[in-house]
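Scroll down for the structure; my scribbles are underneath it.
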Amino acid sequence: MGSRKGGLGSDAAGVDGQLRWRKRMLMVLMSFVCISLAVIRLAGWHGWEFNRCLFRAVIGVDCPACGVTHSVGYALVGNLRQSCSHNPVGPLLAFLLLAGLAYMGLAVLFGKGLSISWNRECAYAKAVDAGIAVILVTIWGLRMCLHQ
Ligand SMILES: [Zn+2]
């Protein structure tokens with residue numbers, strides 16, 4: 001009995017932790033959507049341009065993530081040509097962003113109904129992050145080769 005009680009207790013803590021994590025992810029994803037949309041909305045406004053990149057400033061070439069904010073913003077409003085011209089990974093990121101938002105939103109609202117284990121959810125999130133990093137660097141490598 002004792003061990004069963006302990007098990008339930010830690011399950012409850014785990015569910016709370018998962019909910020907190022999902023809410024935080026929801027905020028992060030929403031911020032990224034808002035920032036991307038703000039950046040393309042403000043682009044060219046009174047000559048304002050958002051393209052500060054330490055890597056580019058120091059090394060002189062684009063970094064793997066250069067243009068991603070613009071690219072995601074344009075993809076979100078359906079302008080795929082502009083999106084790809086800033087960074088070809090943007091449309092994929094925009095899709096993942098919307099999919100992540102939909103999942104996290106539903107998971108926060110309906111919690112237990114569509115719960116997968118937290119460990120598995122974290123594993124998926126890490127796999128997606130790693131996949132994005134690999135794709136960004138691969139596309140960047142190809143772009144660097146083509147521009148030489
Ligand atoms: Zn950059």
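Ligands are numbered from 1 in the order shown, residues from 1 within each chain, and chains are lettered A, B, ... in the order they appear in the structure tokens.
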*Surroundings of ligand 1 up to 10 Å, based on only C-alpha atoms and all ligand atoms, as a ChimeraX atom specification*: /A:51-57,60-68
With C-alpha atoms kept, could you save the residues just selected as a short mmCIF file (atom, residue, chain, number, x, y, z; two decimals), in the first residue's frame?
```
data_model
loop_
_atom_site.label_atom_id
_atom_site.label_comp_id
_atom_site.auth_asym_id
_atom_site.auth_seq_id
_atom_site.Cartn_x
_atom_site.Cartn_y
_atom_site.Cartn_z
CA ASN A 51 19.30 41.59 -39.29
CA ARG A 52 21.78 41.68 -36.48
CA CYS A 53 23.93 38.60 -36.38
CA LEU A 54 27.12 38.37 -34.35
CA PHE A 55 28.35 35.47 -36.50
CA ARG A 56 27.89 37.44 -39.73
CA ALA A 57 29.39 40.57 -38.16
CA GLY A 60 31.41 37.86 -42.68
CA VAL A 61 29.08 35.09 -43.87
CA ASP A 62 25.56 34.08 -42.83
CA CYS A 63 25.19 31.70 -39.91
CA PRO A 64 22.91 28.62 -40.20
CA ALA A 65 20.04 30.53 -38.55
CA CYS A 66 20.42 33.79 -40.48
CA GLY A 67 17.08 34.93 -41.87
CA VAL A 68 15.10 32.34 -39.89
#
```
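When the distance limit is 12 Å and only C-alpha atoms are what count, the residues near Leu19 (chain A), minus those fewer than 5 positions from it on the same chain, are Ala12, Ala13, Gly14, Arg24, Met25, Leu26, Met104, Gly105, Leu106, Ala107, Val108, Leu109, Phe110, Gly111, Lys112, Ser115, Ile116, Ser117, Trp118 and Glu121 of chain A.
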Can you write out the residues you just picked, keeping C-alpha atoms, as a PDB file, in the first residue's frame?
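The resulting file, again33.pdb, is reproduced below:
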```pdb
ATOM      1  CA  ALA A  12       0.610  13.623  -9.661  1.00  0.00           C
ATOM      2  CA  ALA A  13       3.839  15.623  -9.399  1.00  0.00           C
ATOM      3  CA  GLY A  14       4.807  14.363 -12.855  1.00  0.00           C
ATOM      4  CA  ARG A  24       5.952  27.127 -20.914  1.00  0.00           C
ATOM      5  CA  MET A  25       6.401  25.535 -24.366  1.00  0.00           C
ATOM      6  CA  LEU A  26       3.136  27.149 -25.447  1.00  0.00           C
ATOM      7  CA  MET A 104       0.613  22.027 -26.780  1.00  0.00           C
ATOM      8  CA  GLY A 105      -2.637  24.021 -26.865  1.00  0.00           C
ATOM      9  CA  LEU A 106      -4.785  20.873 -27.017  1.00  0.00           C
ATOM     10  CA  ALA A 107      -2.611  19.128 -24.435  1.00  0.00           C
ATOM     11  CA  VAL A 108      -2.958  22.044 -21.999  1.00  0.00           C
ATOM     12  CA  LEU A 109      -6.732  22.296 -22.574  1.00  0.00           C
ATOM     13  CA  PHE A 110      -7.591  18.613 -22.571  1.00  0.00           C
ATOM     14  CA  GLY A 111      -4.560  17.397 -20.603  1.00  0.00           C
ATOM     15  CA  LYS A 112      -5.135  13.818 -19.643  1.00  0.00           C
ATOM     16  CA  SER A 115      -1.525  12.480 -22.720  1.00  0.00           C
ATOM     17  CA  ILE A 116       1.559  10.689 -23.821  1.00  0.00           C
ATOM     18  CA  SER A 117       4.192  10.002 -21.205  1.00  0.00           C
ATOM     19  CA  TRP A 118       6.315  12.988 -20.294  1.00  0.00           C
ATOM     20  CA  GLU A 121       7.112  13.840 -25.076  1.00  0.00           C
TER      21      GLU A 121
END
```
_Straight-line distance linking CA of Gln18 (chain A) with CA of Asp129 (chain A), stated in Å to one decimal_ = 18.2 Å
Closest-contact table, region 31-69 of chain A side, partner region 91-95 of chain A, 10 Å, counting only C-alpha atoms, as a Markdown table:
```
| residue | atom | partner | partner_atom | distance |
| --- | --- | --- | --- | --- |
| A:Phe32 | CA | A:Ala94 | CA | 9.7 |
| A:Val33 | CA | A:Ala94 | CA | 8.3 |
| A:Ser36 | CA | A:Ala94 | CA | 9.6 |
| A:Val68 | CA | A:Leu93 | CA | 8.5 |
| A:Thr69 | CA | A:Ala94 | CA | 9.8 |
```
*asked:* To test your reading of the structure, identify every residue in region 6-143 of chain A that backbone DSSP assigns to alpha helix (DSSP H), and report it as number ranges by chain.
replied: A: 6-42, 54-59, 68-76, 80-86, 90-110, 118-143
Write the residues of the selection above to a file with C-alpha atoms, as a compact mmCIF listing (two decimals), in the first residue's frame.
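Ended up saving to result-v5.txt:
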```txt
# COMPACT_ATOMS: atom_id res chain seq x y z
CA GLY A 6 4.14 6.98 -3.16
CA GLY A 7 3.69 6.02 -6.78
CA LEU A 8 0.46 7.98 -7.07
CA GLY A 9 2.08 10.97 -5.40
CA SER A 10 4.96 11.07 -7.83
CA ASP A 11 2.56 10.56 -10.77
CA ALA A 12 0.61 13.62 -9.66
CA ALA A 13 3.84 15.62 -9.40
CA GLY A 14 4.81 14.36 -12.85
CA VAL A 15 1.47 15.43 -14.36
CA ASP A 16 1.82 18.89 -12.78
CA GLY A 17 5.36 19.19 -14.07
CA GLN A 18 4.26 18.13 -17.54
CA LEU A 19 1.44 20.70 -17.54
CA ARG A 20 3.85 23.43 -16.44
CA TRP A 21 6.31 22.38 -19.15
CA ARG A 22 3.54 22.38 -21.80
CA LYS A 23 2.39 25.85 -20.73
CA ARG A 24 5.95 27.13 -20.91
CA MET A 25 6.40 25.53 -24.37
CA LEU A 26 3.14 27.15 -25.45
CA MET A 27 4.44 30.57 -24.36
CA VAL A 28 7.79 30.03 -26.10
CA LEU A 29 6.12 28.90 -29.36
CA MET A 30 3.62 31.78 -29.24
CA SER A 31 6.42 34.29 -28.60
CA PHE A 32 8.29 32.96 -31.62
CA VAL A 33 5.18 33.31 -33.80
CA CYS A 34 4.57 36.88 -32.52
CA ILE A 35 8.21 37.93 -32.92
CA SER A 36 8.39 36.47 -36.46
CA LEU A 37 5.19 38.26 -37.48
CA ALA A 38 6.36 41.50 -35.83
CA VAL A 39 9.70 41.36 -37.62
CA ILE A 40 8.18 41.04 -41.12
CA ARG A 41 5.52 43.62 -40.22
CA LEU A 42 8.20 46.10 -39.15
CA LEU A 54 27.12 38.37 -34.35
CA PHE A 55 28.35 35.47 -36.50
CA ARG A 56 27.89 37.44 -39.73
CA ALA A 57 29.39 40.57 -38.16
CA VAL A 58 32.53 38.70 -37.08
CA ILE A 59 32.99 36.00 -39.76
CA VAL A 68 15.10 32.34 -39.89
CA THR A 69 12.92 34.90 -38.10
CA HIS A 70 11.97 36.64 -41.37
CA SER A 71 11.59 33.30 -43.11
CA VAL A 72 9.21 31.91 -40.49
CA GLY A 73 7.25 35.16 -40.46
CA TYR A 74 6.76 35.12 -44.24
CA ALA A 75 5.89 31.41 -44.20
CA LEU A 76 3.27 32.07 -41.52
CA LEU A 80 6.71 31.08 -49.43
CA ARG A 81 8.88 32.84 -52.02
CA GLN A 82 9.98 35.57 -49.60
CA SER A 83 10.26 32.94 -46.89
CA CYS A 84 12.66 30.74 -48.88
CA SER A 85 14.71 33.72 -49.99
CA HIS A 86 15.49 34.54 -46.35
CA GLY A 90 11.57 28.67 -42.64
CA PRO A 91 8.47 26.96 -44.12
CA LEU A 92 9.34 23.72 -42.32
CA LEU A 93 9.94 25.61 -39.07
CA ALA A 94 6.66 27.49 -39.48
CA PHE A 95 4.85 24.18 -39.97
CA LEU A 96 6.53 22.65 -36.90
CA LEU A 97 5.74 25.80 -34.93
CA LEU A 98 2.04 25.60 -35.79
CA ALA A 99 1.95 21.84 -35.18
CA GLY A 100 3.69 22.35 -31.82
CA LEU A 101 1.28 25.14 -30.90
CA ALA A 102 -1.74 23.01 -31.83
CA TYR A 103 -0.43 20.03 -29.86
CA MET A 104 0.61 22.03 -26.78
CA GLY A 105 -2.64 24.02 -26.86
CA LEU A 106 -4.78 20.87 -27.02
CA ALA A 107 -2.61 19.13 -24.44
CA VAL A 108 -2.96 22.04 -22.00
CA LEU A 109 -6.73 22.30 -22.57
CA PHE A 110 -7.59 18.61 -22.57
CA TRP A 118 6.32 12.99 -20.29
CA ASN A 119 9.51 11.06 -21.03
CA ARG A 120 8.30 10.26 -24.52
CA GLU A 121 7.11 13.84 -25.08
CA CYS A 122 10.53 15.17 -24.01
CA ALA A 123 12.24 12.61 -26.24
CA TYR A 124 10.12 13.75 -29.22
CA ALA A 125 10.84 17.41 -28.45
CA LYS A 126 14.58 16.73 -28.27
CA ALA A 127 14.46 14.73 -31.51
CA VAL A 128 12.65 17.59 -33.26
CA ASP A 129 15.18 20.14 -31.92
CA ALA A 130 18.10 17.98 -33.02
CA GLY A 131 16.46 17.42 -36.42
CA ILE A 132 15.99 21.17 -36.88
CA ALA A 133 19.63 21.81 -35.96
CA VAL A 134 20.84 19.16 -38.43
CA ILE A 135 18.59 20.52 -41.21
CA LEU A 136 19.65 24.14 -40.54
CA VAL A 137 23.35 23.24 -40.68
CA THR A 138 22.92 20.97 -43.75
CA ILE A 139 20.99 23.62 -45.72
CA TRP A 140 23.51 26.24 -44.59
CA GLY A 141 26.37 24.03 -45.81
CA LEU A 142 24.67 23.61 -49.20
CA ARG A 143 24.03 27.37 -49.46
```
